[in-house]
file entry37.csv (CSV, C-alpha atoms and all ligand atoms)
chain,number,residue,atom,x,y,z
A,1,MET,CA,-1.3,15.9,15.9
A,2,PHE,CA,-1.0,14.9,12.2
A,3,PHE,CA,1.0,11.9,11.0
A,4,ASP,CA,1.8,10.5,7.6
A,5,LEU,CA,2.9,6.9,8.4
A,6,HIS,CA,4.3,5.8,5.0
A,7,VAL,CA,7.0,7.9,3.3
A,8,HIS,CA,10.1,7.0,1.2
A,9,SER,CA,13.4,8.8,1.1
A,10,ARG,CA,16.5,8.7,-1.1
A,11,TYR,CA,17.7,5.7,1.0
A,12,SER,CA,15.3,3.5,-1.0
A,13,ASP,CA,13.4,4.8,-4.1
A,14,GLY,CA,12.3,8.2,-3.0
A,15,LYS,CA,13.8,11.4,-4.4
A,16,TYR,CA,14.6,13.4,-1.3
A,17,LEU,CA,16.7,13.1,1.8
A,18,PRO,CA,14.9,12.4,5.2
A,19,LYS,CA,15.8,15.8,6.5
A,20,ASP,CA,14.2,17.6,3.5
A,21,ILE,CA,11.1,15.4,3.8
A,22,ILE,CA,10.8,16.2,7.5
A,23,ALA,CA,11.2,20.0,6.9
A,24,TYR,CA,8.6,20.0,4.1
A,25,ALA,CA,6.1,18.1,6.2
A,26,LYS,CA,6.8,20.3,9.2
A,27,ALA,CA,5.7,23.3,7.2
A,28,LYS,CA,2.4,21.5,6.7
A,29,HIS,CA,2.2,20.6,10.4
A,30,ILE,CA,2.5,16.9,9.6
A,31,HIS,CA,4.9,14.5,11.2
A,32,VAL,CA,6.1,11.6,9.1
A,33,ALA,CA,7.3,8.0,9.5
A,34,ILE,CA,10.3,7.4,7.2
A,35,THR,CA,9.5,3.9,5.9
A,36,ASP,CA,12.1,3.0,3.2
A,37,HIS,CA,12.0,-0.3,1.5
A,38,ASP,CA,13.9,-2.8,3.6
A,39,THR,CA,16.3,-0.4,5.2
A,40,SER,CA,16.6,1.9,8.3
A,41,LEU,CA,19.7,3.6,7.0
A,42,GLY,CA,18.1,7.0,6.3
A,43,LEU,CA,16.9,7.2,9.9
A,44,ASN,CA,20.4,7.4,11.2
A,45,THR,CA,20.6,10.8,9.5
A,46,VAL,CA,17.7,12.3,11.4
A,47,LYS,CA,18.2,11.0,14.9
A,48,GLU,CA,17.5,14.4,16.4
A,49,GLU,CA,14.3,15.0,14.6
A,50,LYS,CA,10.7,14.2,15.6
A,51,VAL,CA,10.2,11.3,13.2
A,52,ILE,CA,8.7,7.9,13.5
A,53,PRO,CA,11.2,5.1,12.6
A,54,GLY,CA,10.0,2.4,10.3
A,55,GLN,CA,10.4,0.3,7.2
A,56,GLU,CA,8.2,-1.0,4.4
A,57,VAL,CA,9.3,-4.6,4.4
A,58,THR,CA,9.2,-6.7,1.3
A,59,THR,CA,7.8,-10.0,2.6
A,60,GLU,CA,7.2,-13.2,0.7
A,61,TYR,CA,3.7,-12.0,0.0
A,62,GLY,CA,4.2,-8.3,-0.5
A,63,HIS,CA,4.6,-5.0,1.3
A,64,VAL,CA,4.1,-4.6,5.1
A,65,VAL,CA,5.0,-1.5,7.1
A,66,ILE,CA,6.4,-1.7,10.5
A,67,LEU,CA,6.7,1.4,12.9
A,68,CYS,CA,8.8,1.2,16.0
A,69,ASN,CA,10.3,3.5,18.7
A,70,PHE,CA,13.7,2.7,17.3
A,71,PRO,CA,15.1,2.2,13.8
A,72,PRO,CA,14.1,-1.5,13.2
A,73,SER,CA,16.0,-4.4,11.6
A,74,PRO,CA,13.0,-6.6,11.0
A,75,PRO,CA,12.9,-10.1,9.5
A,76,ASN,CA,11.2,-10.3,6.1
A,77,ARG,CA,9.1,-13.4,6.5
A,78,ILE,CA,5.7,-12.2,7.3
A,79,ALA,CA,5.0,-14.5,10.3
A,80,GLU,CA,8.4,-13.5,11.9
A,81,LEU,CA,7.8,-9.9,11.1
A,82,VAL,CA,4.5,-9.9,13.0
A,83,ASP,CA,6.2,-11.6,16.0
A,84,TYR,CA,9.1,-9.2,15.9
A,85,ALA,CA,6.6,-6.3,16.0
A,86,LYS,CA,4.9,-7.8,19.1
A,87,GLU,CA,8.2,-8.5,20.9
A,88,ASN,CA,9.5,-5.0,20.3
A,89,SER,CA,6.2,-3.0,20.8
A,90,CYS,CA,6.1,-1.9,17.2
A,91,VAL,CA,3.0,-1.7,15.0
A,92,VAL,CA,2.6,-3.5,11.7
A,93,PHE,CA,0.1,-3.0,8.9
A,94,PRO,CA,-0.2,-4.2,5.3
A,95,SER,CA,0.4,-1.2,3.0
A,96,HIS,CA,-1.9,-0.9,-0.1
A,97,PRO,CA,-3.0,-4.5,0.6
A,98,PHE,CA,-5.2,-4.9,-2.4
A,99,ASP,CA,-3.1,-3.0,-4.9
A,100,ILE,CA,-2.0,-6.2,-6.7
A,101,PHE,CA,0.3,-4.3,-9.2
A,102,ARG,CA,2.4,-2.8,-6.3
A,103,LYS,CA,2.9,-5.9,-4.1
A,104,GLY,CA,-0.1,-5.7,-1.9
A,105,ILE,CA,-0.4,-8.9,0.3
A,106,GLY,CA,-4.1,-9.3,-0.7
A,107,ASP,CA,-6.1,-11.9,1.2
A,108,LYS,CA,-3.1,-12.6,3.5
A,109,THR,CA,-4.4,-9.5,5.3
A,110,PHE,CA,-6.9,-11.8,6.9
A,111,ARG,CA,-4.3,-14.4,8.0
A,112,TYR,CA,-1.9,-12.5,10.2
A,113,LYS,CA,-2.4,-10.4,13.4
A,114,PHE,CA,-1.8,-6.9,12.1
A,115,ASP,CA,-2.4,-3.9,14.3
A,116,LEU,CA,-3.8,-1.7,11.5
A,117,ILE,CA,-4.6,-1.7,7.9
A,118,GLU,CA,-3.7,1.0,5.3
A,119,ILE,CA,-7.2,1.8,4.1
A,120,TYR,CA,-6.1,4.7,1.9
A,121,ASN,CA,-2.9,5.0,0.0
A,122,SER,CA,-2.6,8.0,-2.3
A,123,LYS,CA,-1.1,6.0,-5.0
A,124,ALA,CA,-3.4,3.0,-5.0
A,125,PRO,CA,-6.5,2.7,-7.2
A,126,LYS,CA,-9.9,3.5,-5.7
A,127,MET,CA,-11.0,-0.1,-5.9
A,128,ALA,CA,-8.0,-1.3,-3.9
A,129,ASN,CA,-8.6,1.4,-1.2
A,130,ASN,CA,-12.2,0.4,-1.0
A,131,LYS,CA,-11.3,-3.2,-0.5
A,132,ALA,CA,-8.9,-2.3,2.2
A,133,LYS,CA,-11.5,-0.3,4.0
A,134,GLU,CA,-13.9,-3.3,3.8
A,135,ALA,CA,-11.2,-5.5,5.3
A,136,SER,CA,-10.6,-3.1,8.2
A,137,ILE,CA,-14.3,-3.3,9.0
A,138,ARG,CA,-14.4,-7.1,8.7
A,139,LEU,CA,-11.4,-7.5,10.9
A,140,ASN,CA,-12.4,-4.7,13.2
A,141,LEU,CA,-8.9,-3.1,12.8
A,142,PRO,CA,-8.2,0.6,12.8
A,143,GLY,CA,-7.4,2.1,9.4
A,144,VAL,CA,-4.7,4.5,8.4
A,145,SER,CA,-4.4,6.8,5.4
A,146,ASN,CA,-1.0,7.6,4.1
A,147,SER,CA,0.7,9.3,1.1
A,148,ASP,CA,3.3,6.7,0.3
A,149,ALA,CA,5.2,9.7,-0.9
A,150,HIS,CA,8.3,9.3,-3.0
A,151,VAL,CA,8.4,13.0,-3.7
A,152,ILE,CA,7.8,15.6,-1.1
A,153,GLN,CA,4.9,17.2,-3.1
A,154,ALA,CA,2.8,14.2,-2.3
A,155,ILE,CA,3.0,14.9,1.5
A,156,GLY,CA,-0.4,16.2,2.6
A,157,SER,CA,-2.4,14.1,0.2
A,158,ALA,CA,-3.3,11.7,3.1
A,159,TYR,CA,-2.5,11.6,6.7
A,160,ASN,CA,-3.9,10.8,10.2
A,161,ASP,CA,-5.0,12.9,13.0
A,162,LEU,CA,-4.1,11.2,16.3
A,163,TYR,CA,-6.4,13.5,18.2
A,164,GLU,CA,-5.3,12.5,21.6
A,165,ILE,CA,-1.6,13.2,21.0
A,166,ILE,CA,-0.5,16.6,22.1
A,167,GLU,CA,3.2,16.0,22.4
A,168,PHE,CA,5.5,14.0,20.2
A,169,ASN,CA,6.2,10.8,22.1
A,170,LEU,CA,6.8,7.6,20.1
A,171,ASP,CA,5.4,5.2,22.7
A,172,ASP,CA,2.2,7.3,23.0
A,173,ILE,CA,1.9,7.5,19.2
A,174,LEU,CA,2.3,3.8,18.7
A,175,ASP,CA,-0.2,3.1,21.5
A,176,ASN,CA,-2.8,5.5,20.1
A,177,LEU,CA,-2.4,3.8,16.7
A,178,ARG,CA,-3.0,0.4,18.2
A,179,ARG,CA,-6.1,1.7,20.0
A,180,GLY,CA,-7.4,3.3,16.9
A,181,LYS,CA,-7.5,6.8,18.2
A,182,ILE,CA,-7.3,8.0,14.6
A,183,ARG,CA,-9.1,10.3,12.3
A,184,ASN,CA,-8.3,9.8,8.6
A,185,ILE,CA,-7.6,12.9,6.5
A,186,ILE,CA,-7.8,12.3,2.8
A,187,ASN,CA,-7.2,15.0,0.3
A,188,GLY,CA,-5.9,13.1,-2.7
A,189,LEU,CA,-2.9,14.1,-4.8
A,190,SER,CA,-2.8,17.6,-6.1
A,191,PHE,CA,-2.0,18.3,-9.8
A,192,ARG,CA,1.5,19.4,-8.7
A,193,ALA,CA,2.1,16.2,-6.8
A,194,LYS,CA,1.0,14.1,-9.7
A,195,PHE,CA,3.3,16.0,-12.0
A,196,SER,CA,6.2,15.6,-9.6
A,197,ILE,CA,5.5,11.8,-9.3
A,198,LEU,CA,5.5,11.4,-13.0
A,199,GLN,CA,8.7,13.5,-13.3
A,200,TRP,CA,10.4,11.3,-10.7
A,201,TYR,CA,9.2,8.1,-12.4
A,202,ILE,CA,10.7,9.2,-15.7
A,203,GLU,CA,14.0,10.3,-14.1
A,204,ARG,CA,14.3,6.9,-12.4
A,205,LYS,CA,13.5,5.1,-15.7
A,206,ILE,CA,16.2,7.0,-17.5
A,207,ARG,CA,18.7,6.5,-14.6
A,208,ASN,CA,18.0,2.7,-14.6
A,209,ALA,CA,18.4,2.5,-18.3
A,210,GLN,CA,21.7,4.3,-18.1
A,211,ASN,CA,22.9,2.0,-15.3
A,212,SER,CA,21.9,-1.1,-17.2
A,213,SER,CA,23.6,0.0,-20.4
A,214,ARG,CA,26.7,0.9,-18.4
A,215,THR,CA,26.6,-2.6,-16.9
A,216,MET,CA,26.2,-4.1,-20.4
A,217,HIS,CA,29.3,-2.2,-21.6
A,218,GLN,CA,31.3,-3.5,-18.6
A,219,VAL,CA,30.3,-7.1,-19.6
A,301,ZN,ZN,4.5,-0.5,-1.1
A,302,ZN,ZN,5.7,2.6,0.0
call {"tool": "encode", "arguments": {"input": "entry37.csv", "output": "structure tokens", "more": "lines below"}}
Ligand SMILES: [Zn+2]
Ligand SMILES: [Zn+2]
result
Amino acid sequence: MFFDLHVHSRYSDGKYLPKDIIAYAKAKHIHVAITDHDTSLGLNTVKEEKVIPGQEVTTEYGHVVILCNFPPSPPNRIAELVDYAKENSCVVFPSHPFDIFRKGIGDKTFRYKFDLIEIYNSKAPKMANNKAKEASIRLNLPGVSNSDAHVIQAIGSAYNDLYEIIEFNLDDILDNLRRGKIRNIINGLSFRAKFSILQWYIERKIRNAQNSSRTMHQV
């Protein structure tokens, strides 16, 4: 079964609703983890769906993804986050760890007991992904490849084949991740995906500018 373990919805800085993301991914035979920045709110809207609950947590050193069998409310200090994951049978991995421009945790990857490492992130530069791959070898940790999609068109650019999973069961999925029963599937972003990402980037810039000018007027 195919899984993209790092996707953002409108509940953080993504463009689409969780249900639309799930429907789009389903048509591509991919299951997703909804991992919004520091919130599990979007997960409440898709309780009936086959979705992996998670968050991309902004820790003191940068971004770390947690995946659980329930919508998590994790702490944001990295040491506590790792403990929370262990206590609640979740898995944790640094996302785009060596992408320094997008809050990768860098060499802190070597300091904490992660379950996995994101060795490929569709939006990270090649160098950063290569470094993450080297780290996974050095630490002997399984690697995952994810889209980090903020627009649905990016889904399918990278995902994971958990080849021993035949039925959607969260505990089995998390267990197979931990045991590294993973085949990475890396396609890269299509032209259409790149265009949609750029479009969404511009839309957000305009919206942010409008919001800040509105705030200025209020002041
Ligand atoms: Zn991130
Ligand atoms: Zn992300």
call {"tool": "atom_distance", "arguments": {"input": "entry37.csv", "atom1": "CA of Ala33 in chain A", "atom2": "CA of Asp107 in chain A"}}
result
25.4 Å
call {"tool": "residues_near_ligand", "arguments": {"input": "entry37.csv", "ligand": "ligand ZN 302 (chain A)", "cutoff": "8 Å", "atoms": "only C-alpha atoms and all ligand atoms", "output": "ChimeraX atom specification"}}
result
/A:6-8,35-37,56,63,95,148-150
call {"tool": "residues_near_ligand", "arguments": {"input": "entry37.csv", "ligand": "ligand ZN 301 (chain A)", "cutoff": "12 Å", "atoms": "only C-alpha atoms and all ligand atoms", "output": "PyMOL selection string"}}
result
chain A and resi 6-8+12-14+35-38+55-59+61-66+93-105+118+121-124+146-150
call {"tool": "closest_residue", "arguments": {"input": "entry37.csv", "among": "A:Glu164, A:Ile52, A:Tyr84, A:Val144", "to": "Asn129 in chain A", "atoms": "all atoms listed in the file"}}
result
A:Val144
call {"tool": "atom_distance", "arguments": {"input": "entry37.csv", "atom1": "CA of Ile182 in chain A", "atom2": "CA of Asp161 in chain A"}}
result
5.6 Å
call {"tool": "closest_residue", "arguments": {"input": "entry37.csv", "among": "A:Leu162, A:Thr109, A:Arg204, A:Phe195", "to": "Arg10 in chain A", "atoms": "all atoms listed in the file"}}
result
A:Arg204
call {"tool": "closest_residue", "arguments": {"input": "entry37.csv", "among": "A:Tyr16, A:Val91, A:Phe3, A:Gly188", "to": "Lys126 in chain A", "atoms": "only C-alpha atoms"}}
result
A:Gly188
call {"tool": "residues_near_point", "arguments": {"input": "entry37.csv", "point": "(18.5, 7.1, 8.6)", "cutoff": "10 Å", "atoms": "only C-alpha atoms", "output": "CSV table (one decimal) with C-alpha atoms, in the coordinates of the input"}}
result
chain,number,residue,atom,x,y,z
A,9,SER,CA,13.4,8.8,1.1
A,11,TYR,CA,17.7,5.7,1.0
A,17,LEU,CA,16.7,13.1,1.8
A,18,PRO,CA,14.9,12.4,5.2
A,19,LYS,CA,15.8,15.8,6.5
A,34,ILE,CA,10.3,7.4,7.2
A,35,THR,CA,9.5,3.9,5.9
A,36,ASP,CA,12.1,3.0,3.2
A,39,THR,CA,16.3,-0.4,5.2
A,40,SER,CA,16.6,1.9,8.3
A,41,LEU,CA,19.7,3.6,7.0
A,42,GLY,CA,18.1,7.0,6.3
A,43,LEU,CA,16.9,7.2,9.9
A,44,ASN,CA,20.4,7.4,11.2
A,45,THR,CA,20.6,10.8,9.5
A,46,VAL,CA,17.7,12.3,11.4
A,47,LYS,CA,18.2,11.0,14.9
A,53,PRO,CA,11.2,5.1,12.6
A,54,GLY,CA,10.0,2.4,10.3
A,71,PRO,CA,15.1,2.2,13.8
call {"tool": "atom_distance", "arguments": {"input": "entry37.csv", "atom1": "CA of Ala154 in chain A", "atom2": "CA of Phe2 in chain A"}}
result
15.0 Å
call {"tool": "closest_residue", "arguments": {"input": "entry37.csv", "among": "A:Leu81, A:Ala25, A:Ile165, A:Ala209", "to": "Met1 in chain A", "atoms": "all atoms listed in the file"}}
result
A:Ile165
call {"tool": "residues_around", "arguments": {"input": "entry37.csv", "residues": "range 167-170 of chain A", "least_positions_apart": "6", "cutoff": "10 Å", "atoms": "all atoms listed in the file", "output": "list in words"}}
result
Met1, His31, Lys50, Val51, Ile52, Pro53, Leu67, Cys68, Asn69, Phe70, Cys90 and Asn176 of chain A
call {"tool": "residues_around", "arguments": {"input": "entry37.csv", "residues": "Gln199 in chain A", "least_positions_apart": "6", "cutoff": "12 Å", "atoms": "all atoms listed in the file", "output": "list in words"}}
result
Lys15, His150, Val151, Gln153, Arg192, Ala193, Lys205 and Ile206 of chain A
call {"tool": "residues_near_point", "arguments": {"input": "entry37.csv", "point": "(-4.8, 5.1, 14.3)", "cutoff": "10 Å", "atoms": "all atoms listed in the file", "output": "NGL selection string"}}
result
:A and (3 or 5 or 115-118 or 141-145 or 160-163 or 173-184)
call {"tool": "write_last_selection", "arguments": {"input": "entry37.csv", "atoms": "C-alpha atoms", "output": "short mmCIF file (atom, residue, chain, number, x, y, z; two decimals), in the coordinates of the input"}}
result
data_model
loop_
_atom_site.label_atom_id
_atom_site.label_comp_id
_atom_site.auth_asym_id
_atom_site.auth_seq_id
_atom_site.Cartn_x
_atom_site.Cartn_y
_atom_site.Cartn_z
CA PHE A 3 1.00 11.90 11.00
CA LEU A 5 2.90 6.90 8.40
CA ASP A 115 -2.40 -3.90 14.30
CA LEU A 116 -3.80 -1.70 11.50
CA ILE A 117 -4.60 -1.70 7.90
CA GLU A 118 -3.70 1.00 5.30
CA LEU A 141 -8.90 -3.10 12.80
CA PRO A 142 -8.20 0.60 12.80
CA GLY A 143 -7.40 2.10 9.40
CA VAL A 144 -4.70 4.50 8.40
CA SER A 145 -4.40 6.80 5.40
CA ASN A 160 -3.90 10.80 10.20
CA ASP A 161 -5.00 12.90 13.00
CA LEU A 162 -4.10 11.20 16.30
CA TYR A 163 -6.40 13.50 18.20
CA ILE A 173 1.90 7.50 19.20
CA LEU A 174 2.30 3.80 18.70
CA ASP A 175 -0.20 3.10 21.50
CA ASN A 176 -2.80 5.50 20.10
CA LEU A 177 -2.40 3.80 16.70
CA ARG A 178 -3.00 0.40 18.20
CA ARG A 179 -6.10 1.70 20.00
CA GLY A 180 -7.40 3.30 16.90
CA LYS A 181 -7.50 6.80 18.20
CA ILE A 182 -7.30 8.00 14.60
CA ARG A 183 -9.10 10.30 12.30
CA ASN A 184 -8.30 9.80 8.60
#
call {"tool": "closest_residue", "arguments": {"input": "entry37.csv", "among": "A:Asn76, A:Gln210, A:Asn187, A:Asn88", "to": "Tyr159 in chain A", "atoms": "all atoms listed in the file"}}
result
A:Asn187
call {"tool": "closest_residue", "arguments": {"input": "entry37.csv", "among": "A:Ser157, A:Ile197, A:Phe114, A:Glu60", "to": "Lys86 in chain A", "atoms": "only C-alpha atoms"}}
result
A:Phe114
call {"tool": "build_atoms", "arguments": {"input": "entry37.csv", "residues": "range 166-181 of chain A", "atoms": "N, CA and C atoms", "output": "mmCIF file, in the frame of the given file"}}
result
data_model
loop_
_atom_site.group_PDB
_atom_site.id
_atom_site.type_symbol
_atom_site.label_atom_id
_atom_site.label_comp_id
_atom_site.auth_asym_id
_atom_site.auth_seq_id
_atom_site.Cartn_x
_atom_site.Cartn_y
_atom_site.Cartn_z
ATOM 1 N N ILE A 166 -0.826 15.179 22.086
ATOM 2 C CA ILE A 166 -0.500 16.600 22.100
ATOM 3 C C ILE A 166 0.988 16.880 22.113
ATOM 4 N N GLU A 167 1.761 15.861 22.492
ATOM 5 C CA GLU A 167 3.200 16.000 22.400
ATOM 6 C C GLU A 167 3.801 14.810 21.697
ATOM 7 N N PHE A 168 4.867 15.067 20.959
ATOM 8 C CA PHE A 168 5.500 14.000 20.200
ATOM 9 C C PHE A 168 6.200 13.010 21.112
ATOM 10 N N ASN A 169 5.599 11.835 21.272
ATOM 11 C CA ASN A 169 6.200 10.800 22.100
ATOM 12 C C ASN A 169 5.941 9.461 21.369
ATOM 13 N N LEU A 170 6.997 8.780 20.977
ATOM 14 C CA LEU A 170 6.800 7.600 20.100
ATOM 15 C C LEU A 170 5.967 6.520 20.750
ATOM 16 N N ASP A 171 6.166 6.253 22.028
ATOM 17 C CA ASP A 171 5.400 5.200 22.700
ATOM 18 C C ASP A 171 3.882 5.560 22.673
ATOM 19 N N ASP A 172 3.591 6.815 22.969
ATOM 20 C CA ASP A 172 2.200 7.300 23.000
ATOM 21 C C ASP A 172 1.589 7.178 21.561
ATOM 22 N N ILE A 173 2.388 7.566 20.584
ATOM 23 C CA ILE A 173 1.900 7.500 19.200
ATOM 24 C C ILE A 173 1.566 6.098 18.783
ATOM 25 N N LEU A 174 2.486 5.177 19.043
ATOM 26 C CA LEU A 174 2.300 3.800 18.700
ATOM 27 C C LEU A 174 1.064 3.208 19.425
ATOM 28 N N ASP A 175 0.951 3.590 20.684
ATOM 29 C CA ASP A 175 -0.200 3.100 21.500
ATOM 30 C C ASP A 175 -1.515 3.647 20.983
ATOM 31 N N ASN A 176 -1.533 4.912 20.610
ATOM 32 C CA ASN A 176 -2.800 5.500 20.100
ATOM 33 C C ASN A 176 -3.144 4.873 18.721
ATOM 34 N N LEU A 177 -2.141 4.512 17.951
ATOM 35 C CA LEU A 177 -2.400 3.800 16.700
ATOM 36 C C LEU A 177 -3.069 2.475 16.965
ATOM 37 N N ARG A 178 -2.465 1.738 17.878
ATOM 38 C CA ARG A 178 -3.000 0.400 18.200
ATOM 39 C C ARG A 178 -4.436 0.497 18.734
ATOM 40 N N ARG A 179 -4.726 1.546 19.473
ATOM 41 C CA ARG A 179 -6.100 1.700 20.000
ATOM 42 C C ARG A 179 -7.038 2.378 19.070
ATOM 43 N N GLY A 180 -6.546 2.714 17.895
ATOM 44 C CA GLY A 180 -7.400 3.300 16.900
ATOM 45 C C GLY A 180 -7.920 4.683 17.172
ATOM 46 N N LYS A 181 -7.111 5.442 17.884
ATOM 47 C CA LYS A 181 -7.500 6.800 18.200
ATOM 48 C C LYS A 181 -7.069 7.712 16.994
#
